[in-house]
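Participant: This is run-v9.txt, which holds compact mmCIF, C-alpha atoms:
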# COMPACT_ATOMS: atom_id res chain seq x y z
CA MET A 62 117.44 89.30 82.69
CA ASP A 63 113.82 89.44 81.57
CA GLU A 64 113.03 87.50 78.41
CA ASN A 65 109.87 86.94 76.44
CA ILE A 66 108.59 83.36 76.40
CA LEU A 67 105.94 81.67 74.27
CA ILE A 68 104.59 78.39 75.62
CA LYS A 69 102.99 76.57 72.69
CA ASN A 70 100.22 73.95 72.73
CA ALA A 71 99.92 73.63 76.49
CA LYS A 72 97.01 72.06 78.33
CA ILE A 73 96.25 74.91 80.72
CA VAL A 74 94.89 73.88 84.11
CA ASP A 75 93.20 76.85 85.76
CA GLU A 76 90.01 77.62 87.69
CA GLY A 77 88.51 74.16 87.34
CA SER A 78 89.06 73.60 83.62
CA ILE A 79 91.68 72.24 81.25
CA VAL A 80 91.97 74.04 77.90
CA GLU A 81 94.63 73.70 75.22
CA SER A 82 96.16 77.06 74.38
CA ASP A 83 99.33 79.09 73.92
CA VAL A 84 100.65 81.51 76.53
CA LEU A 85 102.80 84.54 75.78
CA ILE A 86 104.77 86.02 78.67
CA ARG A 87 106.35 89.39 78.05
CA LYS A 88 108.48 91.31 80.57
CA GLY A 89 107.45 88.91 83.33
CA ILE A 90 103.70 89.28 82.78
CA ILE A 91 101.23 86.94 81.06
CA GLU A 92 100.32 89.13 78.09
CA ARG A 93 98.12 86.80 76.06
CA ILE A 94 96.42 83.41 76.34
CA ASP A 95 95.17 82.26 72.97
CA PRO A 96 95.16 79.00 70.93
CA SER A 97 97.08 80.51 68.00
CA ILE A 98 99.86 82.90 68.98
CA SER A 99 102.64 83.40 66.43
CA LEU A 100 106.19 83.43 67.72
CA PRO A 101 107.34 87.06 68.15
CA VAL A 102 110.90 88.00 67.22
CA GLY A 103 113.34 87.54 70.10
CA THR A 104 111.03 85.23 72.05
CA ARG A 105 112.04 81.89 73.58
CA LEU A 106 109.78 79.06 72.40
CA ILE A 107 108.78 76.25 74.75
CA LEU A 108 106.90 73.46 73.00
CA ALA A 109 104.50 71.97 75.51
CA ASP A 110 102.87 69.26 73.41
CA ASN A 111 101.14 66.73 75.70
CA GLN A 112 102.20 68.69 78.78
CA TYR A 113 100.05 70.46 81.34
CA LEU A 114 100.66 74.06 82.32
CA LEU A 115 99.83 74.89 85.93
CA PRO A 116 100.12 78.18 87.81
CA GLY A 117 103.30 78.21 89.85
CA VAL A 118 102.79 76.51 93.20
CA ILE A 119 102.57 78.82 96.22
CA ASP A 120 103.98 77.10 99.30
CA THR A 121 102.80 79.10 102.29
CA HIS A 122 104.72 77.07 104.90
CA VAL A 123 108.50 76.77 104.65
CA HIS A 124 111.48 77.01 106.98
CA PHE A 125 114.49 78.01 104.88
CA ARG A 126 116.61 78.43 108.08
CA ASP A 127 118.13 81.74 106.98
CA PRO A 128 119.48 83.51 109.04
CA GLY A 129 121.28 81.75 111.83
CA LEU A 130 120.70 78.08 111.00
CA THR A 131 122.37 77.88 107.63
CA ASP A 132 124.25 74.67 108.38
CA LYS A 133 120.87 72.99 107.72
CA ALA A 134 119.63 75.08 104.78
CA ASP A 135 119.70 78.58 103.34
CA PHE A 136 117.62 80.65 100.96
CA ALA A 137 119.82 79.85 97.97
CA THR A 138 119.73 76.06 98.30
CA GLU A 139 116.12 75.69 99.37
CA SER A 140 114.69 78.11 96.82
CA ALA A 141 116.55 76.11 94.17
CA ALA A 142 114.83 72.98 95.50
CA ALA A 143 111.54 74.87 95.36
CA ALA A 144 112.05 75.75 91.69
CA ALA A 145 112.93 72.14 90.89
CA GLY A 146 109.65 71.16 92.57
CA GLY A 147 107.45 73.58 90.60
CA VAL A 148 107.14 76.03 93.51
CA THR A 149 107.42 79.66 92.41
CA SER A 150 106.49 81.51 95.63
CA VAL A 151 107.15 80.73 99.30
CA ILE A 152 106.20 82.13 102.69
CA ASP A 153 108.94 81.55 105.23
CA MET A 154 108.33 81.04 108.94
CA PRO A 155 109.77 83.23 111.73
CA ASN A 156 111.55 80.62 113.85
CA THR A 157 115.05 81.43 112.60
CA LEU A 158 117.99 82.71 114.66
CA PRO A 159 117.15 85.29 115.82
CA PRO A 160 113.39 84.72 115.54
CA ALA A 161 111.64 87.26 113.32
CA LEU A 162 109.62 89.10 115.96
CA THR A 163 109.99 92.69 114.71
CA PRO A 164 109.63 94.51 111.38
CA GLU A 165 113.34 95.29 111.54
CA LEU A 166 114.28 91.61 111.78
CA LEU A 167 111.88 90.87 108.93
CA GLU A 168 113.66 93.47 106.81
CA GLU A 169 116.89 91.56 107.32
CA LYS A 170 115.19 88.42 106.00
CA PHE A 171 113.79 90.33 103.01
CA GLY A 172 117.35 91.45 102.27
CA ILE A 173 118.68 87.90 102.46
CA ALA A 174 115.99 86.61 100.11
CA ALA A 175 116.55 89.44 97.64
CA GLN A 176 120.19 88.38 97.38
CA LYS A 177 119.76 84.60 97.38
CA SER A 178 116.30 83.48 96.28
CA SER A 179 115.35 81.80 93.02
CA VAL A 180 111.62 82.14 93.76
CA ASN A 181 109.23 84.82 95.01
CA TYR A 182 109.03 85.22 98.76
CA SER A 183 107.44 86.73 101.82
CA PHE A 184 107.59 86.08 105.54
CA MET A 185 105.48 85.65 108.63
CA ILE A 186 106.21 87.63 111.76
CA GLY A 187 106.29 85.61 114.97
CA ALA A 188 104.13 86.25 118.03
CA SER A 189 105.52 86.35 121.56
CA GLU A 190 104.25 87.52 124.93
CA SER A 191 105.61 91.02 124.40
CA ASN A 192 105.63 91.95 120.71
CA LEU A 193 102.03 92.95 119.91
CA GLU A 194 103.17 96.50 119.12
CA ASP A 195 105.76 95.11 116.71
CA ILE A 196 103.09 93.03 114.98
CA LEU A 197 100.92 96.13 114.63
CA ARG A 198 103.87 97.91 112.98
CA ALA A 199 104.27 95.19 110.34
CA ASP A 200 103.27 96.24 106.83
CA PRO A 201 100.16 94.23 105.80
CA ALA A 202 101.00 94.80 102.14
CA ARG A 203 104.36 93.01 102.51
CA VAL A 204 104.12 90.65 105.50
CA ALA A 205 102.17 87.46 104.86
CA ALA A 206 100.77 86.64 108.31
CA VAL A 207 101.52 86.39 112.02
CA LYS A 208 102.64 82.94 113.21
CA VAL A 209 101.26 81.84 116.57
CA PHE A 210 102.25 78.73 118.48
CA PHE A 211 98.84 78.21 120.08
CA GLY A 212 99.18 76.09 123.20
CA SER A 213 102.80 75.28 122.43
CA SER A 214 106.07 77.14 122.22
CA THR A 215 109.20 77.26 120.10
CA GLY A 216 112.17 79.19 121.48
CA ASP A 217 111.23 82.83 122.06
CA MET A 218 107.86 82.43 120.36
CA ALA A 219 105.89 81.42 123.43
CA LEU A 220 102.44 82.96 123.69
CA LYS A 221 100.54 81.42 126.58
CA ASP A 222 98.92 84.33 128.43
CA PRO A 223 95.19 84.17 127.51
CA GLU A 224 94.82 87.95 127.65
CA ALA A 225 97.80 88.48 125.33
CA ILE A 226 96.47 85.90 122.90
CA GLU A 227 93.03 87.51 122.82
CA ARG A 228 94.54 90.98 122.29
CA LEU A 229 96.41 89.58 119.30
CA PHE A 230 93.27 88.01 117.83
CA VAL A 231 91.33 91.26 118.31
CA SER A 232 94.04 93.60 117.04
CA SER A 233 96.04 91.82 114.35
CA PRO A 234 95.78 93.38 110.88
CA LEU A 235 97.32 90.17 109.56
CA LEU A 236 95.98 86.69 109.00
CA ILE A 237 96.77 84.56 112.08
CA ALA A 238 98.51 81.30 111.15
CA ALA A 239 98.43 78.89 114.09
CA HIS A 240 100.48 75.87 115.07
CA CYS A 241 98.08 74.05 117.40
CA GLU A 242 99.37 71.54 119.96
CA ASP A 243 98.80 71.48 123.71
CA ASP A 244 102.05 71.49 125.68
CA ALA A 245 100.51 70.12 128.87
CA ARG A 246 99.09 67.08 127.08
CA ILE A 247 102.40 66.46 125.30
CA ALA A 248 104.38 66.75 128.55
CA GLY A 249 102.12 64.19 130.23
CA ASN A 250 102.42 61.77 127.33
CA LEU A 251 106.20 62.20 127.26
CA ALA A 252 106.44 61.43 130.98
CA LYS A 253 104.51 58.19 130.43
CA ALA A 254 106.79 57.23 127.54
CA ARG A 255 109.85 57.83 129.70
CA GLU A 256 108.38 55.59 132.39
CA GLU A 257 107.98 52.82 129.84
CA PHE A 258 111.14 53.23 127.74
CA GLY A 259 113.52 55.34 129.80
CA GLU A 260 115.65 57.56 127.57
CA ASP A 261 115.50 55.11 124.64
CA ILE A 262 112.07 56.04 123.28
CA PRO A 263 111.26 54.52 119.85
CA ALA A 264 110.48 56.97 117.05
CA ALA A 265 107.02 55.40 116.63
CA MET A 266 106.06 56.76 120.05
CA HIS A 267 106.06 60.25 118.54
CA ALA A 268 102.49 59.63 117.35
CA ARG A 269 101.46 58.78 120.93
CA ILE A 270 103.38 61.61 122.60
CA ARG A 271 102.08 64.30 120.24
CA ASP A 272 98.69 62.66 119.89
CA GLU A 273 95.29 63.60 118.48
CA GLU A 274 94.07 65.01 121.79
CA ALA A 275 97.01 67.44 121.98
CA CYS A 276 96.04 68.79 118.57
CA LEU A 277 92.30 68.88 119.23
CA ARG A 278 92.56 70.77 122.52
CA SER A 279 94.66 73.48 120.95
CA SER A 280 92.91 73.84 117.59
CA SER A 281 89.50 73.91 119.29
CA ALA A 282 90.63 76.76 121.52
CA ALA A 283 92.05 78.69 118.55
CA ILE A 284 88.86 78.24 116.53
CA ASP A 285 86.67 79.28 119.46
CA LEU A 286 88.73 82.44 119.93
CA ALA A 287 88.63 83.25 116.22
CA LYS A 288 84.85 82.93 116.24
CA LYS A 289 84.59 85.09 119.36
CA THR A 290 86.82 87.87 118.01
CA GLY A 291 86.13 87.64 114.27
CA ALA A 292 89.82 87.11 113.52
CA ARG A 293 90.95 85.47 110.30
CA LEU A 294 92.56 82.16 111.27
CA HIS A 295 94.53 79.67 109.20
CA LEU A 296 95.23 76.37 110.95
CA LEU A 297 98.61 75.02 109.97
CA HIS A 298 99.41 71.34 109.34
CA VAL A 299 96.14 69.74 110.51
CA SER A 300 97.11 66.15 111.23
CA SER A 301 94.24 64.25 112.85
CA ALA A 302 90.74 63.11 111.95
CA CYS A 303 89.26 64.40 115.21
CA GLU A 304 90.00 68.02 114.27
CA LEU A 305 88.13 67.93 110.98
CA ASN A 306 84.59 68.28 112.31
CA GLN A 307 85.50 71.80 113.42
CA LEU A 308 86.13 72.83 109.82
CA SER A 309 83.58 73.87 107.21
CA SER A 310 83.76 73.20 103.51
CA MET A 311 84.58 75.95 101.04
CA LYS A 312 83.44 75.76 97.45
CA PRO A 313 86.02 76.87 94.87
CA GLY A 314 86.18 80.65 94.74
CA SER A 315 84.16 81.20 97.93
CA TYR A 316 85.35 82.75 101.20
CA LYS A 317 85.55 81.69 104.82
CA LYS A 318 87.34 83.26 107.78
CA ILE A 319 88.69 80.02 109.28
CA THR A 320 90.78 77.97 106.88
CA ALA A 321 93.13 75.01 107.18
CA GLU A 322 96.26 73.49 105.70
CA VAL A 323 97.47 69.92 105.41
CA CYS A 324 101.12 69.09 104.82
CA THR A 325 102.84 66.61 102.56
CA HIS A 326 104.09 64.24 105.25
CA HIS A 327 100.64 63.85 106.82
CA LEU A 328 99.20 62.88 103.43
CA PHE A 329 101.91 60.44 102.33
CA PHE A 330 103.11 58.79 105.53
CA ASP A 331 101.43 57.21 108.55
CA GLU A 332 102.57 55.51 111.74
CA ARG A 333 103.41 52.27 109.91
CA ASP A 334 106.28 54.14 108.22
CA TYR A 335 108.14 54.76 111.49
CA ALA A 336 109.35 51.16 111.24
CA THR A 337 111.46 51.95 108.16
CA LEU A 338 111.93 55.72 108.31
CA GLY A 339 112.15 56.34 112.05
CA ASN A 340 113.13 59.89 112.93
CA LEU A 341 113.15 60.95 109.27
CA ILE A 342 109.39 61.43 109.65
CA LYS A 343 109.59 62.90 113.13
CA VAL A 344 107.65 66.13 112.58
CA ASN A 345 105.41 68.35 114.70
CA PRO A 346 102.49 67.71 114.74
CA SER A 347 103.27 64.02 114.44
CA VAL A 348 102.56 61.67 111.57
CA LYS A 349 99.63 59.67 112.95
CA SER A 350 97.48 56.66 112.01
CA GLU A 351 96.42 55.36 108.63
CA GLU A 352 92.85 56.35 109.56
CA ASP A 353 93.98 59.91 110.23
CA ARG A 354 95.78 60.04 106.90
CA GLU A 355 92.75 58.79 104.99
CA ALA A 356 90.51 61.30 106.79
CA LEU A 357 92.84 64.13 105.78
CA TRP A 358 92.59 63.09 102.14
CA GLU A 359 88.81 63.06 102.33
CA ALA A 360 88.79 66.50 104.00
CA LEU A 361 91.04 67.80 101.25
CA ARG A 362 88.66 66.50 98.58
CA SER A 363 85.55 67.82 100.35
CA GLY A 364 86.91 71.32 100.94
CA ARG A 365 87.22 71.18 104.72
CA ILE A 366 90.98 71.52 104.20
CA ASP A 367 91.88 74.36 101.87
CA THR A 368 95.62 74.33 101.15
CA ILE A 369 98.59 71.99 100.88
CA GLY A 370 101.92 73.13 102.32
CA SER A 371 105.24 71.36 102.55
CA ASP A 372 106.27 72.49 106.06
CA HIS A 373 109.72 72.19 104.52
CA ALA A 374 111.94 72.17 107.62
CA PRO A 375 115.40 70.69 106.98
CA HIS A 376 117.79 69.31 109.57
CA THR A 377 121.13 67.69 108.90
CA ALA A 378 121.36 63.94 108.47
CA GLN A 379 123.54 63.84 111.57
CA GLU A 380 120.82 65.54 113.64
CA LYS A 381 118.13 63.16 112.38
CA ALA A 382 120.34 60.17 113.26
CA ARG A 383 120.30 61.08 116.95
CA PRO A 384 118.17 59.15 119.45
CA TYR A 385 114.51 60.20 119.55
CA LEU A 386 114.77 62.58 122.51
CA LYS A 387 117.71 64.46 120.97
CA CYS A 388 116.46 64.45 117.38
CA PRO A 389 114.83 67.66 116.11
CA SER A 390 111.46 67.52 114.38
CA GLY A 391 111.08 68.42 110.71
CA GLY A 392 112.40 67.42 107.32
CA PRO A 393 112.83 68.56 103.70
CA MET A 394 109.76 68.33 101.46
CA ILE A 395 109.45 71.22 99.00
CA GLN A 396 111.08 69.56 95.97
CA HIS A 397 108.68 66.61 96.09
CA THR A 398 105.29 67.93 97.21
CA LEU A 399 103.95 68.59 93.70
CA PRO A 400 105.35 65.32 92.24
CA ALA A 401 103.76 63.43 95.14
CA MET A 402 100.40 65.06 94.49
CA LEU A 403 100.67 64.29 90.78
CA SER A 404 101.12 60.63 91.68
CA GLU A 405 97.68 60.72 93.31
CA VAL A 406 96.25 62.22 90.12
CA VAL A 407 97.61 59.25 88.16
CA LYS A 408 96.04 56.86 90.69
CA GLY A 409 92.67 58.60 90.29
CA HIS A 410 92.55 59.66 93.96
CA PHE A 411 92.68 63.38 93.18
CA THR A 412 92.20 65.52 90.09
CA LEU A 413 94.68 67.87 88.49
CA GLU A 414 92.15 70.67 88.87
CA GLN A 415 92.03 69.96 92.63
CA VAL A 416 95.83 70.06 92.85
CA VAL A 417 95.80 73.53 91.32
CA GLU A 418 92.94 74.64 93.59
CA LYS A 419 94.75 73.58 96.77
CA MET A 420 98.32 74.49 95.84
CA CYS A 421 97.89 77.61 93.69
CA HIS A 422 94.44 79.24 93.80
CA ASN A 423 93.55 78.86 97.48
CA PRO A 424 96.94 79.99 98.84
CA ALA A 425 96.60 83.12 96.71
CA ARG A 426 93.02 83.70 97.87
CA ILE A 427 93.55 83.04 101.58
CA PHE A 428 96.74 85.10 101.84
CA GLN A 429 95.38 87.70 99.38
CA ILE A 430 98.47 87.54 97.18
CA GLU A 431 98.46 90.01 94.33
CA ARG A 432 98.39 88.66 90.75
CA ARG A 433 99.71 85.19 91.43
CA GLY A 434 98.23 81.71 91.76
CA PHE A 435 96.27 81.83 88.49
CA LEU A 436 97.04 81.77 84.77
CA ARG A 437 95.38 85.01 83.72
CA GLU A 438 96.31 87.80 81.36
CA GLY A 439 97.91 90.58 83.38
CA TYR A 440 99.15 88.21 86.09
CA PHE A 441 102.80 87.48 86.80
CA GLY A 442 104.38 84.77 84.68
CA ASP A 443 104.68 82.12 87.40
CA ALA A 444 104.02 78.73 85.84
CA VAL A 445 105.06 75.09 85.82
CA LEU A 446 104.91 72.49 83.05
CA VAL A 447 104.33 68.87 84.06
CA GLU A 448 104.55 65.71 81.98
CA PHE A 449 102.69 62.52 82.79
CA ASN A 450 103.80 59.04 81.69
CA SER A 451 107.34 60.01 82.59
CA PRO A 452 108.26 57.96 85.67
CA TRP A 453 111.33 58.72 87.74
CA ARG A 454 112.78 57.65 91.06
CA VAL A 455 113.86 59.98 93.85
CA ARG A 456 117.61 59.52 94.16
CA ARG A 457 120.02 61.22 96.51
CA GLU A 458 122.04 62.74 93.69
CA SER A 459 118.96 64.58 92.37
CA LEU A 460 118.18 66.29 95.68
CA LYS A 461 118.65 70.06 95.77
CA TYR A 462 118.30 70.29 99.54
CA LYS A 463 121.38 71.42 101.44
CA CYS A 464 120.77 68.67 104.02
CA GLY A 465 121.10 66.03 101.26
CA TRP A 466 118.38 63.58 102.32
CA SER A 467 114.67 62.95 101.78
CA ALA A 468 112.06 60.66 103.31
CA PHE A 469 110.91 60.09 99.72
CA GLU A 470 114.28 58.70 98.63
CA GLY A 471 113.74 55.56 96.55
CA ARG A 472 110.09 56.34 95.79
CA MET A 473 108.92 56.23 92.18
CA PHE A 474 106.81 59.10 90.87
CA PRO A 475 104.88 58.76 87.59
CA ALA A 476 104.96 62.42 86.47
CA ARG A 477 107.73 64.97 86.35
CA ILE A 478 108.20 68.70 86.27
CA THR A 479 109.84 69.79 83.04
CA HIS A 480 109.90 73.61 83.38
CA THR A 481 109.39 76.17 86.14
CA LEU A 482 109.00 79.86 85.33
CA VAL A 483 109.32 82.53 88.03
CA GLY A 484 108.12 85.96 86.99
CA GLY A 485 108.53 85.00 83.36
CA GLN A 486 112.09 83.77 83.82
CA LEU A 487 113.15 80.19 83.35
CA ALA A 488 114.21 78.88 86.76
CA TYR A 489 114.28 75.15 86.03
CA ALA A 490 114.15 73.10 82.84
CA GLU A 491 114.75 69.44 82.11
CA GLY A 492 116.73 68.82 85.28
CA LYS A 493 118.80 72.00 85.13
CA LEU A 494 118.54 75.06 87.37
CA TYR A 495 118.85 78.55 85.87
CA PRO A 496 119.67 81.81 87.68
CA VAL A 497 116.64 84.01 88.29
CA THR A 498 117.76 87.62 88.39
CA SER A 499 114.65 89.24 89.81
CA PRO A 500 112.39 87.09 91.98
CA ALA A 501 109.94 89.35 93.75
CA ALA A 502 108.85 90.02 97.28
CA LEU A 503 105.17 89.08 97.35
CA THR A 504 102.59 91.81 97.82
CA PHE A 505 99.16 91.43 99.40
CA GLU A 506 95.77 93.01 98.67
CA ARG A 507 94.72 94.35 102.08
Could you render the structure as structure tokens?
Facilitator:
Amino acid sequence: MDENILIKNAKIVDEGSIVESDVLIRKGIIERIDPSISLPVGTRLILADNQYLLPGVIDTHVHFRDPGLTDKADFATESAAAAAGGVTSVIDMPNTLPPALTPELLEEKFGIAAQKSSVNYSFMIGASESNLEDILRADPARVAAVKVFFGSSTGDMALKDPEAIERLFVSSPLLIAAHCEDDARIAGNLAKAREEFGEDIPAAMHARIRDEEACLRSSSAAIDLAKKTGARLHLLHVSSACELNQLSSMKPGSYKKITAEVCTHHLFFDERDYATLGNLIKVNPSVKSEEDREALWEALRSGRIDTIGSDHAPHTAQEKARPYLKCPSGGPMIQHTLPAMLSEVVKGHFTLEQVVEKMCHNPARIFQIERRGFLREGYFGDAVLVEFNSPWRVRRESLKYKCGWSAFEGRMFPARITHTLVGGQLAYAEGKLYPVTSPAALTFER
């Protein structure tokens, strides 16, 4: 049920500034931002003294596993984790079961989210060797992007024919979001690892098997093709320093056709962590060296990297406990991406304004999301309140993930999320989840 909410005395972080003000949300829309708003009759009051109000985080890279893989996760559990993590909108990837390769299969996913989700949602359509016509039938106003495994393959989403790839880049009405790793390089590295270790490959070898060269070969080819065809390209989960020279900086509010994302695990873990976490940080592309991690942070600060995504991709604890060769890649992240970034603000490594730029504004700009990602009058009431000087430790009992584990378990974070509002409805407050009756399918300005 829609309710009116007045957030009082908040420090609003938006478009590069921090200003103390009140915010009135009526019928799901930010109606007024002003330092002195009186409490209207029938309006919920949230006192935000000493707290910062951010636009709701837009996570443009999640795998909620629904449909077909719901033993790992589903839209109900993972959207609840999103709300607990200050995320109010998500874009879900197509590698479900079956993979979302047609508008009809996407409609099934929209139906699932409408029934289960606590946050706003959209989806990417997958690219395969034979579904260009299906991609062209996708509605650009509702479908977020087309996901391409460039130089690599996942299940039915193999796209390796150069002519088919170029036709997609020339024809796609959608932003092309690319996973860039070179299969041939990975296969060669894996064969060498097997020669050395047999079938008992250590988890730390993941960084050598899916190495920097595998990423560079693939991302270079994708960028070259985007430049040749004029396609809009968004590189997903950039993980290595050697890829960064291909990327240009973007000043806040400006536009570029080739953009890039970094993910939580590549910012907060490096190859030293395999010793303690093992397969829990087995992700694709791999977590790499400390030097790579530091270079990614610098690229994020300089504007070469434009967005932060979680690549939230749960697997069961039993699956992650398997030996390296039988363990799937991916892990849960969405509940802890914003708290992790806030920890870097406290350390002075990043600013709160930069967090909002990379996690709210730029996702909205790059994906052309209508009336979200900013705290503006007339925009949807997606917002998150955060409190500093409120340390807490990640404990298993606090996890909202269906899989029940986190690589961050045991880590202390110095700031916490106190409230999350989705479309003007309270979704999370002070550790408690609330039902959201009308999260929305995202719409796009195209």
Participant: Could you check the closest approach to A:Ile369 for each of A:Ile270, A:Val406, A:Ile119, A:Val323 and tell me which residue wins, using all atoms listed in the file?
Facilitator: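 The answer is A:Val323, which sits nearest to A:Ile369.
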Participant: Can you tell me which residues surround A:Met185 at a distance of at most 7 Å, considering all atoms listed in the file, apart from same-chain residues fewer than 4 positions away, and format the answer as a count of residues only?
Facilitator: 9
Participant: Considering all atoms listed in the file, state which residue in the set A:Leu130, A:Ala245, A:Val151, A:Leu158 is at the smallest distance from A:Ala174.
Facilitator: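 That would be A:Val151, the residue with the smallest distance to A:Ala174.
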Participant: Quick one: residues within 10 Å of A:Pro424, only C-alpha atoms counted, chain neighbours fewer than 5 positions away excluded, as a list in words?
Facilitator: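 My reading of the contact set: Val118, Ile119, Asp120, Thr121, Glu322, Asp367, Thr368, Ile369, Gly370, Val417, Glu418, Lys419, Gln429, Ile430, Arg433 and Gly434 of chain A.
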Participant: Interatomic distance between atom CA of A:Leu115 and atom CA of A:Ile395?
Facilitator: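 Straight-line distance from atom CA of A:Leu115 to atom CA of A:Ile395 works out to 16.6 Å.
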Participant: One decimal, in Å: what's the spacing between atom CA of A:Asp127 and atom CA of A:Ala501?
Facilitator: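 Distance between the two atoms: 17.3 Å.
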Participant: Could you tell me which of A:Gln176, A:Ser281, A:Ser459, A:Thr290 comes closest to A:Gln307 if we count all atoms listed in the file?
Facilitator: A:Ser281
Participant: Using only C-alpha atoms, which of A:Ile226, A:Val80, A:Ala145, A:Ala401 sits nearest A:Thr479?
Facilitator: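 Among the listed residues, the smallest separation from A:Thr479 belongs to A:Ala145.
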Participant: Report, as AutoDock Vina command-line options, the axis-aligned box around all atoms of stretch 412-418 of chain A present in the file, extended by 8 Å on each side; give centre and edge lengths in Å to one decimal place.
Facilitator:
--center_x 93.9 --center_y 70.1 --center_z 91.0 --size_x 19.8 --size_y 25.1 --size_z 21.1
Participant: Of the candidates A:Arg228, A:Lys343, A:Arg198, A:His122, which one gets nearest to A:Phe184 if we count all atoms listed in the file?
Facilitator: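 So, comparing all the options, the nearest one is A:His122.
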Participant: For the point (123.4, 75.3, 98.0) in the file's frame, write as a list in words all residues with an atom no more than 8 Å away, counting all atoms listed in the file.
Facilitator: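 The answer, in the requested form, is Ala134, Asp135, Ala137, Thr138, Glu139, Ala141, Lys461, Tyr462 and Lys463 of chain A.
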Participant: Emit the selected residues as an mmCIF file, keeping the file's coordinate frame, including C-alpha atoms.
Facilitator:
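Writing the result to part-v5.cif gives the following:
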data_model
loop_
_atom_site.group_PDB
_atom_site.id
_atom_site.type_symbol
_atom_site.label_atom_id
_atom_site.label_comp_id
_atom_site.auth_asym_id
_atom_site.auth_seq_id
_atom_site.Cartn_x
_atom_site.Cartn_y
_atom_site.Cartn_z
ATOM 1 C CA ALA A 134 119.630 75.080 104.780
ATOM 2 C CA ASP A 135 119.700 78.580 103.340
ATOM 3 C CA ALA A 137 119.820 79.850 97.970
ATOM 4 C CA THR A 138 119.730 76.060 98.300
ATOM 5 C CA GLU A 139 116.120 75.690 99.370
ATOM 6 C CA ALA A 141 116.550 76.110 94.170
ATOM 7 C CA LYS A 461 118.650 70.060 95.770
ATOM 8 C CA TYR A 462 118.300 70.290 99.540
ATOM 9 C CA LYS A 463 121.380 71.420 101.440
#
Participant: Compare A:Cys388, A:Ala225, A:Leu503, A:Ala239 by their minimum atom-to-atom distance to A:Phe171, counting only C-alpha atoms, and give me the closest one.
Facilitator: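 For A:Phe171, the nearest of the given residues is A:Leu503.
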Participant: At a cut-off of 7 Å, using only C-alpha atoms, what residues contact A:Pro400? Leave out same-chain residues fewer than 2 positions from it and give the result as number ranges by chain.
Facilitator: A: 397-398, 402-404, 474, 476-477
Participant: If we count all atoms listed in the file and set the cut-off at 7 Å, which residues sit around A:Asp443, ignoring sequence neighbours fewer than 3 positions away in its own chain? Please answer as a count of residues only.
Facilitator: 7
Participant: Could you tell me how far atom CA of A:Leu494 sits from atom CA of A:Asp95, in Å to one decimal place?
Facilitator: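 Between these atoms lies a distance of 28.4 Å.
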Participant: Which residues are close to A:Tyr385, i.e. within 8 Å by all atoms listed in the file, leaving aside same-chain residues fewer than 5 positions away? Reply as a list of chain:residue names.
Facilitator: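 Here the answer would be A:Asp261, A:Ile262, A:Pro263, A:Ala264, A:Asn340.
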